[in-house]
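Since the structure comes first, as structure tokens, the remarks are kept for the end.
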Amino acid sequence: MGISREQALDCFRSDDLIGIGMEADAVRRRLHPEGAVSYVIERTIDCAGLGEACDGEPGFELICKQAGETLELGGTSVSLQRSVAPGRKISWFEKLLAGIKRRHPSIWLQGLNAPEMLAVAKDSGLTLRETILRLREAGLDSIAGDGADVGAPETWIEVHRTVHGVGMQTAAAMVFSAGETMEQRVACLEAVRRLQDETGGFTAFIPLSFRQPGGRELDDATAVESLKTLAISRMMLENVENVQSNWATQGLKVRQMGLRFGGNDVGSAGLGAGVKDGSEEDLRRVIRDAGFRPVQRDMPYRTMFLN
């Protein structure tokens, strides 16, 4: 069941960070006694400037090339981001997804968060369920877990309930330290817990600290706040098997510390040019240095192999 709302609020108000971390670590050890920490190798692909999703179109050919390279480098999935744009109705997404799957049938395709899924449904004159079913048929394997309004997550919850209802699993992501209250943060965790009790469709929970665009580092969530939120999430969401310690903006050291604050997964190893933090080598090193065995997984958290 996990700790109550009142207990979670007490933890947020507490200065006993180590004690909270130890309680969360006990939950992690109970759920994952094998002493392994997982990660996924994936590539994020920006679809903002893509034209028609058809053979021969340069943007589409580049996406297919990147998907192929991902598989060649040991990756298993790609996440399609910034794909929603004016004039892009569901037929555009169907062509894109089906085209990538035709070239690379084994690749796991993730794309569209809850607000984006609603936008595609509205622009296409379809119900949410119809939109999800058509995109799944075209090749969409999962939707992104972000996009929740921490202060009012009801719409986000309804989208994930519908996705779970057609047999697709999702992760749940909560962006915190964006001006919300502790009460709103805990209410969001409660909403995730209730839906997981109802559908069992969440594979993981990912607390993500908000980063102000162009802001200073001291404007962002502190390491203490991030670790505390991770630990409380682990203690509240005992019905969600996996919790990620994944803060690229705060560096690998904080991500590593999160493995003693309830985290059993470190997110994704980056692929492509410009990766400075979070490569597979980096993640394997921080996992081992924290006293765990690294385990590569795929997007739906099926174990691939031990390293």
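Each chain in the structure tokens gets a letter, A, B, ..., in the order shown, and its residues are numbered from 1; ligands are numbered from 1 in order too.
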Exercise. So which residues touch Arg129 (chain A) within 12 Å, counting only C-alpha atoms, skipping near sequence neighbours fewer than 5 positions away, as a ChimeraX atom specification?
Worked result: /A:117-118,120-122,134-136,158-168
Problem set entry | Shell around Glu280 (chain A) at 9 Å using only C-alpha atoms, local window under 5 positions removed, as a PyMOL selection string | chain A and resi 39-41+268-271+285
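For the residues A:Leu195, A:Met1, A:Ile232, A:Ala144, ranking by smallest atom-to-atom distance to Glu23 (chain A) using only C-alpha atoms places A:Ile232 first.
Minimum atom-to-atom distances from A:Lys95, A:Arg193, A:Lys89, A:Arg260 to Glu238 (chain A) were compared using only C-alpha atoms, and the lowest value belongs to A:Arg193.
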For this session: Could you give me, as a ChimeraX atom specification, each residue of region 28-272 of chain A that DSSP assigns to alpha helix (DSSP H) when run on this structure's backbone?
Result: /A:28-31,58-72,90-103,114-124,128-138,154-165,182-199,223-236,252-257
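Atom pair CA of Ala85 (chain A) / CA of Asp55 (chain A) has a distance of 20.5 Å (rounded to one decimal).
The spacing separating CA of Gly68 (chain A) from CA of Asn264 (chain A) amounts to 28.7 Å.
Distances from A:Ala231, A:Leu31, A:Met174, A:Ala290 to Gln256 (chain A) were compared using only C-alpha atoms, and the smallest one belongs to A:Ala290.
CA of Phe261 (chain A) to CA of Cys188 (chain A) spans 19.7 Å [interatomic distance, one decimal].
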For this session: Excluding Ala191 (chain A) and residues on its chain fewer than 4 positions from it, collect all residues at most 10 Å away from it, counting only C-alpha atoms, and give them as a PyMOL selection string.
Result: chain A and resi 150+152-154+157+186-187+195-197
Exercise. Which parts of region 220-272 of chain A does DSSP call strand (DSSP E) when run on the backbone here, written out as a PyMOL selection string?
Worked result: chain A and resi 242-243+265-269
List the neighbours of Phe93 (chain A) out to 9 Å using only C-alpha atoms; skip same-chain residues closer than 6 positions along the sequence, and give me the result as a CSV table (one decimal) with all heavy atoms, in the first residue's frame.
chain,number,residue,atom,x,y,z
A,53,ALA,N,6.0,12.1,-43.8
A,53,ALA,CA,6.6,10.8,-43.3
A,53,ALA,C,6.5,9.8,-44.4
A,53,ALA,O,5.6,8.9,-44.4
A,53,ALA,CB,5.9,10.3,-42.1
A,83,SER,N,6.6,16.0,-31.8
A,83,SER,CA,6.0,15.5,-33.1
A,83,SER,C,4.7,16.2,-33.4
A,83,SER,O,4.2,16.2,-34.5
A,83,SER,CB,5.8,14.0,-33.0
A,83,SER,OG,5.0,13.6,-31.9
A,84,VAL,N,4.1,16.8,-32.4
A,84,VAL,CA,2.8,17.4,-32.6
A,84,VAL,C,3.0,18.9,-33.1
A,84,VAL,O,3.8,19.6,-32.6
A,84,VAL,CB,2.0,17.5,-31.3
A,84,VAL,CG1,0.7,18.3,-31.4
A,84,VAL,CG2,1.6,16.1,-30.8
A,135,LEU,N,-3.1,4.5,-33.4
A,135,LEU,CA,-1.7,4.7,-33.3
A,135,LEU,C,-1.0,3.4,-32.9
A,135,LEU,O,0.1,3.1,-33.3
A,135,LEU,CB,-1.4,5.8,-32.3
A,135,LEU,CG,-1.8,7.2,-32.8
A,135,LEU,CD1,-1.5,8.2,-31.7
A,135,LEU,CD2,-1.1,7.6,-34.1
A,138,ALA,N,-0.7,1.3,-35.8
A,138,ALA,CA,0.4,1.7,-36.7
A,138,ALA,C,1.8,1.4,-36.3
A,138,ALA,O,2.7,1.4,-37.1
A,138,ALA,CB,0.2,3.3,-36.9
For this session: For Ser245 (chain A), list every protein, DNA or RNA residue within 6 Å, evaluated using only C-alpha atoms, and leave out those in the same chain fewer than 3 positions away; present the list as a list of chain:residue names.
Result: A:Arg255, A:Gly258, A:Gly263, A:Val266
Since we have the selection now, will you write its residues out, keeping C-alpha atoms, as an mmCIF file, in the first residue's frame?
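That gives us again_2.cif:
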data_model
loop_
_atom_site.group_PDB
_atom_site.id
_atom_site.type_symbol
_atom_site.label_atom_id
_atom_site.label_comp_id
_atom_site.auth_asym_id
_atom_site.auth_seq_id
_atom_site.Cartn_x
_atom_site.Cartn_y
_atom_site.Cartn_z
ATOM 1 C CA ARG A 255 21.746 9.918 -9.652
ATOM 2 C CA GLY A 258 19.367 8.070 -5.497
ATOM 3 C CA GLY A 263 15.719 4.117 -6.863
ATOM 4 C CA VAL A 266 18.905 5.034 -13.608
#
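Excluding Gln184 (chain A) and any residue on its chain fewer than 6 positions from it, the residues at most 12 Å away by only C-alpha atoms are A:Arg5, A:Ala8, A:Leu9, A:Phe12, A:Ala148, A:Asp149, A:Val150, A:Gly151, A:Ala152, A:Pro153, A:Met174, A:Val175, A:Phe176, A:Ser177, A:Ala178, A:Glu190, A:Ala191.
Considering the residues A:Ser209, A:Ala204, A:Ile90, A:Trp156 and counting only C-alpha atoms, Gly179 (chain A) has its shortest atom-to-atom contact with A:Ser209.
Between Gly201 (chain A) and the residues A:Ala171, A:Leu128, A:Ala114, A:Val27, the shortest atom-to-atom distance, using only C-alpha atoms, involves A:Ala171.
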Exercise. Near Ala172 (chain A), within 7 Å and counting only C-alpha atoms, which residues show up once chain neighbours fewer than 3 positions away are dropped, as number ranges by chain?
Worked result: A: 145-146, 202, 204-206
Print the selection's residues with N, CA, C and O atoms to a file, as a PDB file, in the first residue's frame.
ATOM      1  N   GLY A 145       5.569   9.405 -20.362  1.00  0.00           N
ATOM      2  CA  GLY A 145       4.929   9.528 -19.048  1.00  0.00           C
ATOM      3  C   GLY A 145       4.807  10.936 -18.531  1.00  0.00           C
ATOM      4  O   GLY A 145       4.197  11.159 -17.486  1.00  0.00           O
ATOM      5  N   ASP A 146       5.385  11.919 -19.239  1.00  0.00           N
ATOM      6  CA  ASP A 146       5.356  13.284 -18.729  1.00  0.00           C
ATOM      7  C   ASP A 146       4.076  13.999 -19.154  1.00  0.00           C
ATOM      8  O   ASP A 146       3.176  13.398 -19.725  1.00  0.00           O
ATOM      9  N   PHE A 202       1.156   0.849 -14.835  1.00  0.00           N
ATOM     10  CA  PHE A 202       2.395   1.612 -14.747  1.00  0.00           C
ATOM     11  C   PHE A 202       3.588   0.682 -14.527  1.00  0.00           C
ATOM     12  O   PHE A 202       3.599  -0.104 -13.575  1.00  0.00           O
ATOM     13  N   ALA A 204       6.719   2.006 -14.190  1.00  0.00           N
ATOM     14  CA  ALA A 204       7.704   2.741 -13.408  1.00  0.00           C
ATOM     15  C   ALA A 204       7.184   4.127 -13.069  1.00  0.00           C
ATOM     16  O   ALA A 204       6.268   4.642 -13.716  1.00  0.00           O
ATOM     17  N   PHE A 205       7.796   4.723 -12.052  1.00  0.00           N
ATOM     18  CA  PHE A 205       7.531   6.111 -11.687  1.00  0.00           C
ATOM     19  C   PHE A 205       8.833   6.881 -11.765  1.00  0.00           C
ATOM     20  O   PHE A 205       9.883   6.404 -11.310  1.00  0.00           O
ATOM     21  N   ILE A 206       8.761   8.089 -12.336  1.00  0.00           N
ATOM     22  CA  ILE A 206       9.968   8.889 -12.575  1.00  0.00           C
ATOM     23  C   ILE A 206       9.749  10.296 -12.030  1.00  0.00           C
ATOM     24  O   ILE A 206       9.032  11.099 -12.641  1.00  0.00           O
TER      25      ILE A 206
END
